[in-house]
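Below is start08.pdb, holding PDB, C-alpha atoms.
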ATOM      1  CA  MET P   1     113.081  42.208  45.932
ATOM      2  CA  PRO P   2     114.901  41.808  49.247
ATOM      3  CA  MET P   3     118.493  43.042  48.855
ATOM      4  CA  MET P   4     121.138  40.318  49.049
ATOM      5  CA  ARG P   5     123.647  40.671  51.838
ATOM      6  CA  ARG P   6     127.153  41.619  50.895
ATOM      7  CA  LYS P   7     130.447  40.999  52.625
ATOM      8  CA  LEU P   8     134.025  42.136  52.148
ATOM      9  CA  LEU P   9     136.270  39.308  50.905
ATOM     10  CA  ILE P  10     139.610  41.076  50.773
ATOM     11  CA  ALA P  11     140.650  43.260  53.740
ATOM     12  CA  LEU P  12     142.707  46.430  53.282
ATOM     13  CA  ALA P  13     146.258  45.075  53.509
ATOM     14  CA  SER P  14     147.755  47.991  55.420
ATOM     15  CA  VAL P  15     144.758  48.832  57.564
ATOM     16  CA  CYS P  16     144.928  46.385  60.411
ATOM     17  CA  PHE P  17     145.764  42.894  61.449
ATOM     18  CA  THR P  18     142.960  42.183  63.859
ATOM     19  CA  VAL P  19     143.628  40.233  66.967
ATOM     20  CA  ALA P  20     142.633  36.588  66.559
ATOM     21  CA  ALA P  21     139.365  35.692  68.168
ATOM     22  CA  ALA P  22     137.671  32.383  68.640
ATOM     23  CA  SER P  23     133.920  31.998  69.009
ATOM     24  CA  GLY P  24     131.923  29.386  70.798
ATOM     25  CA  ALA P  25     130.333  28.443  74.044
ATOM     26  CA  ASP P  26     130.344  30.740  77.067
ATOM     27  CA  ALA P  27     132.674  30.050  79.973
ATOM     28  CA  GLN P  28     131.623  27.278  82.265
ATOM     29  CA  ALA P  29     130.288  28.134  85.678
ATOM     30  CA  SER P  30     132.308  28.679  88.970
ATOM     31  CA  ALA P  31     133.181  25.878  91.360
ATOM     32  CA  SER P  32     130.678  27.206  93.927
ATOM     33  CA  PRO P  33     127.281  27.283  92.216
ATOM     34  CA  PRO P  34     124.533  29.436  93.683
ATOM     35  CA  PRO P  35     121.853  27.698  95.770
ATOM     36  CA  GLN P  36     119.440  25.558  93.750
ATOM     37  CA  SER P  37     121.645  25.733  90.670
ATOM     38  CA  THR P  38     123.933  23.208  89.021
ATOM     39  CA  GLN P  39     125.496  25.705  86.586
ATOM     40  CA  ARG P  40     128.269  28.191  87.084
ATOM     41  CA  THR P  41     127.509  31.836  87.597
ATOM     42  CA  PRO P  42     128.669  33.628  84.422
ATOM     43  CA  ALA P  43     131.963  35.428  84.752
ATOM     44  CA  VAL P  44     130.460  38.486  83.085
ATOM     45  CA  VAL P  45     128.377  41.083  84.891
ATOM     46  CA  GLY P  46     127.211  43.886  82.611
ATOM     47  CA  GLN P  47     130.206  45.145  80.647
ATOM     48  CA  ALA P  48     132.862  43.942  83.069
ATOM     49  CA  ALA P  49     133.859  40.563  84.401
ATOM     50  CA  ASP P  50     133.563  39.962  88.132
ATOM     51  CA  ALA P  51     136.980  38.578  89.051
ATOM     52  CA  SER P  52     135.567  36.984  92.205
ATOM     53  CA  LYS P  53     133.415  34.712  90.039
ATOM     54  CA  LEU P  54     136.262  33.397  87.909
ATOM     55  CA  SER P  55     137.410  29.847  88.424
ATOM     56  CA  ASP P  56     141.094  29.234  89.088
ATOM     57  CA  ALA P  57     141.589  28.191  85.453
ATOM     58  CA  GLU P  58     139.824  31.302  84.142
ATOM     59  CA  ALA P  59     141.760  33.583  86.459
ATOM     60  CA  LYS P  60     144.986  31.985  85.202
ATOM     61  CA  LEU P  61     143.995  32.671  81.578
ATOM     62  CA  ALA P  62     143.244  36.304  82.439
ATOM     63  CA  ARG P  63     146.590  36.752  84.221
ATOM     64  CA  GLU P  64     148.499  35.219  81.332
ATOM     65  CA  SER P  65     146.611  37.322  78.782
ATOM     66  CA  ARG P  66     147.415  40.474  80.739
ATOM     67  CA  ALA P  67     151.080  39.456  80.868
ATOM     68  CA  ALA P  68     151.129  38.889  77.095
ATOM     69  CA  ILE P  69     149.753  42.380  76.463
ATOM     70  CA  LEU P  70     152.232  43.933  78.881
ATOM     71  CA  ALA P  71     155.053  42.118  77.104
ATOM     72  CA  ALA P  72     154.073  43.895  73.901
ATOM     73  CA  GLY P  73     155.244  47.169  75.454
ATOM     74  CA  LEU P  74     152.695  48.482  77.963
ATOM     75  CA  SER P  75     153.259  49.245  81.628
ATOM     76  CA  ALA P  76     151.136  47.663  84.327
ATOM     77  CA  THR P  77     149.957  51.111  85.417
ATOM     78  CA  TYR P  78     148.793  51.993  81.929
ATOM     79  CA  PHE P  79     147.122  48.619  81.451
ATOM     80  CA  ASP P  80     145.178  48.802  84.690
ATOM     81  CA  LYS P  81     143.986  52.312  83.823
ATOM     82  CA  HIS P  82     142.837  51.645  80.271
ATOM     83  CA  PHE P  83     141.950  47.937  80.085
ATOM     84  CA  GLN P  84     138.935  46.228  81.604
ATOM     85  CA  LEU P  85     138.323  42.497  81.718
ATOM     86  CA  VAL P  86     135.037  41.718  79.981
ATOM     87  CA  ARG P  87     134.926  37.947  79.632
ATOM     88  CA  VAL P  88     136.920  34.768  80.082
ATOM     89  CA  VAL P  89     135.905  31.665  78.129
ATOM     90  CA  ASN P  90     137.479  28.346  79.032
ATOM     91  CA  ALA P  91     135.480  25.745  77.130
ATOM     92  CA  PRO P  92     136.682  22.827  74.983
ATOM     93  CA  GLY P  93     137.632  24.252  71.605
ATOM     94  CA  ASP P  94     136.951  27.815  72.744
ATOM     95  CA  ARG P  95     139.419  29.480  75.070
ATOM     96  CA  ARG P  96     139.725  33.266  74.997
ATOM     97  CA  VAL P  97     140.017  36.387  77.088
ATOM     98  CA  VAL P  98     138.132  39.524  76.090
ATOM     99  CA  TRP P  99     139.271  42.983  77.155
ATOM    100  CA  LYS P 100     137.842  46.439  76.621
ATOM    101  CA  PHE P 101     140.464  49.070  75.818
ATOM    102  CA  LYS P 102     139.423  52.674  76.379
ATOM    103  CA  VAL P 103     141.280  55.897  75.666
ATOM    104  CA  GLY P 104     139.310  59.130  75.918
ATOM    105  CA  GLU P 105     135.979  58.673  74.149
ATOM    106  CA  HIS P 106     137.166  55.674  72.140
ATOM    107  CA  GLU P 107     136.569  52.043  73.063
ATOM    108  CA  ALA P 108     137.746  48.888  71.332
ATOM    109  CA  MET P 109     137.297  45.217  72.146
ATOM    110  CA  LEU P 110     140.415  43.086  72.266
ATOM    111  CA  ASN P 111     139.927  39.331  71.868
ATOM    112  CA  ASP P 112     142.834  37.158  72.916
ATOM    113  CA  SER P 113     142.480  33.639  71.526
ATOM    114  CA  VAL P 114     144.257  31.031  73.657
ATOM    115  CA  GLY P 115     145.857  27.965  72.132
ATOM    116  CA  PHE P 116     148.513  25.575  73.420
ATOM    117  CA  TYR P 117     151.380  23.311  72.505
ATOM    118  CA  THR P 118     153.150  20.449  74.245
ATOM    119  CA  ASP P 119     156.791  21.014  75.105
ATOM    120  CA  GLU P 120     159.604  18.449  75.002
ATOM    121  CA  ARG P 121     158.789  17.352  78.546
ATOM    122  CA  GLY P 122     155.150  16.667  77.675
ATOM    123  CA  ARG P 123     153.819  19.717  79.458
ATOM    124  CA  ARG P 124     150.949  21.721  78.009
ATOM    125  CA  VAL P 125     151.909  25.354  77.416
ATOM    126  CA  ASP P 126     149.304  27.995  76.614
ATOM    127  CA  THR P 127     149.845  30.458  73.788
ATOM    128  CA  HIS P 128     148.111  33.830  73.464
ATOM    129  CA  ALA P 129     147.346  35.185  70.000
ATOM    130  CA  VAL P 130     147.549  38.740  71.258
ATOM    131  CA  ALA P 131     151.293  38.311  71.737
ATOM    132  CA  GLY P 132     151.849  38.115  67.979
ATOM    133  CA  ALA P 133     148.958  40.324  66.862
ATOM    134  CA  LEU P 134     150.044  43.408  68.827
ATOM    135  CA  PRO P 135     153.738  43.962  68.080
ATOM    136  CA  ALA P 136     155.495  46.990  69.499
ATOM    137  CA  ALA P 137     152.559  48.296  71.529
ATOM    138  CA  HIS P 138     152.982  51.752  73.032
ATOM    139  CA  GLU P 139     151.005  53.788  75.520
ATOM    140  CA  ILE P 140     148.427  55.893  73.677
ATOM    141  CA  GLU P 141     147.454  58.876  75.806
ATOM    142  CA  ARG P 142     145.995  61.465  73.441
ATOM    143  CA  THR P 143     143.678  60.906  70.504
ATOM    144  CA  ILE P 144     141.615  62.936  68.078
ATOM    145  CA  THR P 145     137.862  63.009  68.688
ATOM    146  CA  ARG P 146     135.336  60.794  66.938
ATOM    147  CA  ALA P 147     134.000  63.845  65.089
ATOM    148  CA  GLN P 148     137.491  64.665  63.830
ATOM    149  CA  ALA P 149     138.047  61.053  62.793
ATOM    150  CA  GLU P 150     134.791  61.051  60.835
ATOM    151  CA  ARG P 151     135.722  64.270  59.024
ATOM    152  CA  ILE P 152     139.115  62.818  58.106
ATOM    153  CA  MET P 153     137.509  59.584  56.949
ATOM    154  CA  LYS P 154     135.061  61.439  54.709
ATOM    155  CA  SER P 155     137.850  63.451  53.098
ATOM    156  CA  CYS P 156     139.831  60.233  52.674
ATOM    157  CA  ILE P 157     137.273  57.851  51.149
ATOM    158  CA  GLY P 158     134.152  59.967  50.646
ATOM    159  CA  ASN P 159     130.786  59.184  52.181
ATOM    160  CA  PHE P 160     130.926  56.102  54.388
ATOM    161  CA  ASP P 161     128.566  53.911  56.323
ATOM    162  CA  GLY P 162     128.933  53.389  60.058
ATOM    163  CA  GLY P 163     132.495  52.717  61.094
ATOM    164  CA  GLY P 164     134.089  51.204  64.177
ATOM    165  CA  VAL P 165     137.150  51.366  66.404
ATOM    166  CA  VAL P 166     139.684  48.535  66.676
ATOM    167  CA  TYR P 167     142.941  48.113  68.574
ATOM    168  CA  ALA P 168     145.263  46.268  66.227
ATOM    169  CA  ALA P 169     148.590  46.185  64.456
ATOM    170  CA  HIS P 170     148.835  48.989  61.909
ATOM    171  CA  GLY P 171     151.460  50.643  59.740
ATOM    172  CA  ASN P 172     154.797  49.558  58.331
ATOM    173  CA  PRO P 173     156.451  48.231  60.367
ATOM    174  CA  PRO P 174     153.247  47.287  62.218
ATOM    175  CA  SER P 175     152.688  48.475  65.754
ATOM    176  CA  GLY P 176     149.698  48.537  68.081
ATOM    177  CA  ALA P 177     147.322  51.368  67.180
ATOM    178  CA  LEU P 178     143.807  52.540  67.905
ATOM    179  CA  ILE P 179     142.107  52.778  64.518
ATOM    180  CA  PHE P 180     138.778  54.026  63.192
ATOM    181  CA  THR P 181     137.785  51.894  60.202
ATOM    182  CA  ALA P 182     134.972  52.254  57.659
ATOM    183  CA  SER P 183     133.969  51.407  54.096
ATOM    184  CA  ALA P 184     132.746  53.929  51.558
ATOM    185  CA  VAL P 185     129.108  54.001  50.557
ATOM    186  CA  ALA P 186     128.770  52.634  47.045
ATOM    187  CA  PRO P 187     127.981  55.300  44.447
ATOM    188  CA  ALA P 188     124.601  55.445  42.781
ATOM    189  CA  SER P 189     123.868  52.285  40.811
ATOM    190  CA  SER P 190     124.994  52.343  37.220
ATOM    191  CA  LYS P 191     122.491  51.860  34.441
ATOM    192  CA  ALA P 192     123.677  48.294  33.935
ATOM    193  CA  ARG P 193     123.258  47.482  37.651
ATOM    194  CA  ARG P 194     119.779  48.995  37.719
ATOM    195  CA  GLU P 195     118.851  46.940  34.692
ATOM    196  CA  ARG P 196     120.124  43.774  36.392
ATOM    197  CA  GLU P 197     118.090  44.516  39.498
ATOM    198  CA  GLU P 198     114.980  45.203  37.434
ATOM    199  CA  ARG P 199     115.533  41.954  35.552
ATOM    200  CA  ARG P 200     115.828  40.021  38.793
ATOM    201  CA  GLU P 201     112.596  41.534  40.044
ATOM    202  CA  ARG P 202     110.812  40.581  36.821
ATOM    203  CA  GLU P 203     112.171  37.053  37.047
ATOM    204  CA  GLU P 204     111.045  36.722  40.657
ATOM    205  CA  ARG P 205     107.561  37.945  39.821
ATOM    206  CA  ALA P 206     107.390  35.535  36.879
ATOM    207  CA  ALA P 207     108.597  32.653  39.060
ATOM    208  CA  ARG P 208     105.943  33.407  41.682
ATOM    209  CA  SER P 209     103.283  33.497  38.988
ATOM    210  CA  ARG P 210     104.435  30.148  37.578
ATOM    211  CA  ARG P 211     104.306  28.552  40.999
ATOM    212  CA  LYS P 212     100.770  29.818  41.517
ATOM    213  CA  ILE P 213      99.515  28.232  38.305
ATOM    214  CA  GLY P 214     101.383  25.023  38.999
ATOM    215  CA  ASP P 215     103.915  25.254  36.189
ATOM    216  CA  ARG P 216     106.508  22.775  37.431
ATOM    217  CA  LYS P 217     108.428  22.788  34.198
ATOM    218  CA  ALA P 218     110.036  26.135  34.799
ATOM    219  CA  PRO P 219     113.673  25.786  35.914
ATOM    220  CA  ARG P 220     114.215  26.940  39.463
ATOM    221  CA  THR P 221     117.845  27.958  38.994
ATOM    222  CA  ASP P 222     117.283  30.861  36.586
ATOM    223  CA  GLU P 223     117.383  33.515  39.291
ATOM    224  CA  ILE P 224     120.532  32.107  40.892
ATOM    225  CA  GLU P 225     122.292  31.703  37.570
ATOM    226  CA  SER P 226     121.576  35.330  36.696
ATOM    227  CA  GLU P 227     123.671  36.341  39.722
ATOM    228  CA  VAL P 228     126.858  34.586  38.680
ATOM    229  CA  GLY P 229     129.698  36.925  37.833
ATOM    230  CA  GLU P 230     127.731  40.122  38.382
ATOM    231  CA  ASP P 231     129.557  41.218  41.509
ATOM    232  CA  GLY P 232     133.182  42.036  42.100
ATOM    233  CA  ALA P 233     133.000  45.829  42.200
ATOM    234  CA  PRO P 234     135.788  47.276  44.390
ATOM    235  CA  VAL P 235     134.826  48.789  47.725
ATOM    236  CA  ARG P 236     136.865  51.692  49.103
ATOM    237  CA  LEU P 237     138.150  51.089  52.650
ATOM    238  CA  GLY P 238     139.666  53.535  55.082
ATOM    239  CA  ALA P 239     141.531  53.467  58.402
ATOM    240  CA  VAL P 240     142.175  56.571  60.486
ATOM    241  CA  ASP P 241     144.863  56.357  63.160
ATOM    242  CA  LEU P 242     143.157  57.975  66.156
ATOM    243  CA  GLU P 243     146.491  59.048  67.602
ATOM    244  CA  THR P 244     148.031  60.712  64.545
ATOM    245  CA  GLY P 245     144.965  61.449  62.426
ATOM    246  CA  GLN P 246     146.593  59.806  59.404
ATOM    247  CA  CYS P 247     144.232  58.012  57.021
ATOM    248  CA  THR P 248     145.170  54.919  55.043
ATOM    249  CA  LYS P 249     142.906  53.782  52.232
ATOM    250  CA  GLY P 250     142.629  50.864  49.901
ATOM    251  CA  PHE P 251     140.122  48.603  48.184
ATOM    252  CA  GLY P 252     138.330  45.339  48.852
ATOM    253  CA  ILE P 253     136.012  43.189  46.765
ATOM    254  CA  ALA P 254     132.301  42.920  47.436
ATOM    255  CA  GLY P 255     130.568  39.660  46.773
ATOM    256  CA  HIS P 256     127.849  37.291  47.890
ATOM    257  CA  PRO P 257     128.309  35.540  51.219
TER
END

Take the structure from the file and write it as C-alpha cells.
Amino acid sequence: MPMMRRKLLIALASVCFTVAAASGADAQASASPPPQSTQRTPAVVGQAADASKLSDAEAKLARESRAAILAAGLSATYFDKHFQLVRVVNAPGDRRVVWKFKVGEHEAMLNDSVGFYTDERGRRVDTHAVAGALPAAHEIERTITRAQAERIMKSCIGNFDGGGVVYAAHGNPPSGALIFTASAVAPASSKARREREERREREERAARSRRKIGDRKAPRTDEIESEVGEDGAPVRLGAVDLETGQCTKGFGIAGHP
C-alpha cells in the first residue's frame, strides 16, 4: 500500500518564527523586452538576480527590503557581504523579495513578503514582513560546521531525517539566528500500528477484488473511515543554533494532510 503523506501541524514553539513568505506568479518582465518577445526577461539568472534586469518598481522593492533588514540591526557592509538578491516578485497578490543569506558553509533563504496600507493622506505605503520577523538581528560571523550541528542534533533528538537551515527569530527574547532544524525519525512501528497497516492492506486488496467482480454494493468509504483518529503521535523536533551550538527541542503532531 502506498504510504500516506504526513505533515507537521504544530511547529516547535521556541524553535523559530519563520519569515513570512507569499507564493504565486513570477515577477513580470522588464520594460525593455528582448527582440521578438512580448514578455519581460526574468529578474533571476541562476541563483542570483541580475539587478540590471529589474524594473524600477522591482528595484524599489529590493531597496526597501534591504533597508528593512538593515534596520533590524545589520550594517550595510555586513549585508552586502553575506546577502545575495535571488528574486523580486511584483505581481498582483504576490509581492516579495527573496534573499540568500550565507555564513561560512551555511546558506538560508530569506523571503520578505511585501504588503501595504493607506495612510491618512491616501498614500500607499509598503510594509515588509521581514521587519517584524527578524527582531534584534546581529552580525553572525562564526558558526559551527554542518557536521557538528548534525552530531548535536542527533544527541538532542536522536536519529533524524534530513534537516535544513533557516534564518529566523529564535530564543527568548527572540532575535535573528541561523538555525539548523530537523525532525526525529519515528521509532519502529508498534504492534498496533503494524496491525492497522496490515488491515488497511487487506481492505485495499478486498476492495480491488470486489471492483473486479463488479460488486457495487460494497461501501467505498471503509478504507477512509478506518483512518479516522489513528494518527496524532507526537513528533520530536529540534533546532540547533549554528552560532552557539545550543539545541532546543520540542514536539509536534503528525497527521494527514

Atomic distance atom CA of P:Gly115 - atom CA of P:Ala62, expressed in Å with one decimal: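 Separating atom CA of P:Gly115 from atom CA of P:Ala62 is a distance of 13.5 Å.
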
Apply the PyMOL selection byres ((chain P and resi 146-150) around 7) to the displayed file and report the matching residues as a VMD selection string. chain P and resid 144 to 145 151 to 154 240 242 245

Kindly indicate which residue among P:Asp94, P:His106, P:Arg200, P:Asp126 lies nearest to P:Lys60, using all atoms listed in the file for the distances. P:Asp126

Using Å and a single decimal, report how far atom CA of P:Ala239 sits from atom CA of P:Thr181.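 So the answer is 4.4 Å.
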
Of the listed residues P:Arg236, P:Tyr117, P:Gly122, P:Ser55, that which approaches P:Val89 most closely, counting all atoms listed in the file: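 Of P:Arg236, P:Tyr117, P:Gly122, P:Ser55, the one nearest P:Val89, counting all atoms listed in the file, is P:Ser55.
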
Which residues would end up in the selection if the PyMOL selection byres ((chain P and resi 136) around 7) were applied here, given that I need the answer as a count of residues only? 8

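Considering all atoms listed in the file, the residue among P:Asn159, P:Thr127, P:Ser75, P:Gln84 positioned nearest to P:Met109 is P:Gln84.
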
For a quick check of your reading of the model, name the residues lying within 12 Å of the coordinate (155.2, 56.1, 67.2), counting only C-alpha atoms, and write them as a list in words.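 The distance filter leaves exactly Ala136, Ala137, His138, Glu139, Ile140, Glu141, His170, Gly171, Asn172, Pro173, Pro174, Ser175, Gly176, Ala177, Leu178, Asp241, Glu243 and Thr244 of chain P.
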
Dump of C-alpha atoms for the selected residues, as a JSON list (two decimals), keeping the file's coordinate frame:
[["chain", "number", "residue", "atom", "x", "y", "z"],
["P", 136, "ALA", "CA", 155.50, 46.99, 69.50],
["P", 137, "ALA", "CA", 152.56, 48.30, 71.53],
["P", 138, "HIS", "CA", 152.98, 51.75, 73.03],
["P", 139, "GLU", "CA", 151.00, 53.79, 75.52],
["P", 140, "ILE", "CA", 148.43, 55.89, 73.68],
["P", 141, "GLU", "CA", 147.45, 58.88, 75.81],
["P", 170, "HIS", "CA", 148.84, 48.99, 61.91],
["P", 171, "GLY", "CA", 151.46, 50.64, 59.74],
["P", 172, "ASN", "CA", 154.80, 49.56, 58.33],
["P", 173, "PRO", "CA", 156.45, 48.23, 60.37],
["P", 174, "PRO", "CA", 153.25, 47.29, 62.22],
["P", 175, "SER", "CA", 152.69, 48.48, 65.75],
["P", 176, "GLY", "CA", 149.70, 48.54, 68.08],
["P", 177, "ALA", "CA", 147.32, 51.37, 67.18],
["P", 178, "LEU", "CA", 143.81, 52.54, 67.90],
["P", 241, "ASP", "CA", 144.86, 56.36, 63.16],
["P", 243, "GLU", "CA", 146.49, 59.05, 67.60],
["P", 244, "THR", "CA", 148.03, 60.71, 64.54]]

Using all atoms listed in the file: which of P:Val165, P:Ala184, P:Ala76, P:Ala71 has the shortest distance to P:Leu110: P:Val165

Please indicate the distance in Å from atom CA of P:Asp112 to atom CA of P:Val130, rounded to one decimal place.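 Taking atom CA of P:Asp112 as the start and atom CA of P:Val130 as the end point, the length is 5.2 Å.
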
Given all atoms listed in the file as the counted atoms, nearest of P:Glu120, P:Val235, P:Glu204, P:Phe79 to P:Lys100: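 Between P:Glu120, P:Val235, P:Glu204, P:Phe79, the residue approaching P:Lys100 most closely is P:Phe79.
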
Do you know which residues lie at most 8 Å from (142.9, 56.5, 52.1), with coordinates as in the file and all atoms listed in the file counted, and could you write them as a list of chain:residue names?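 Returned residue set, sorted by chain then number, is P:Met153, P:Cys156, P:Ile157, P:Leu237, P:Gly238, P:Ala239, P:Cys247, P:Thr248, P:Lys249, P:Gly250.
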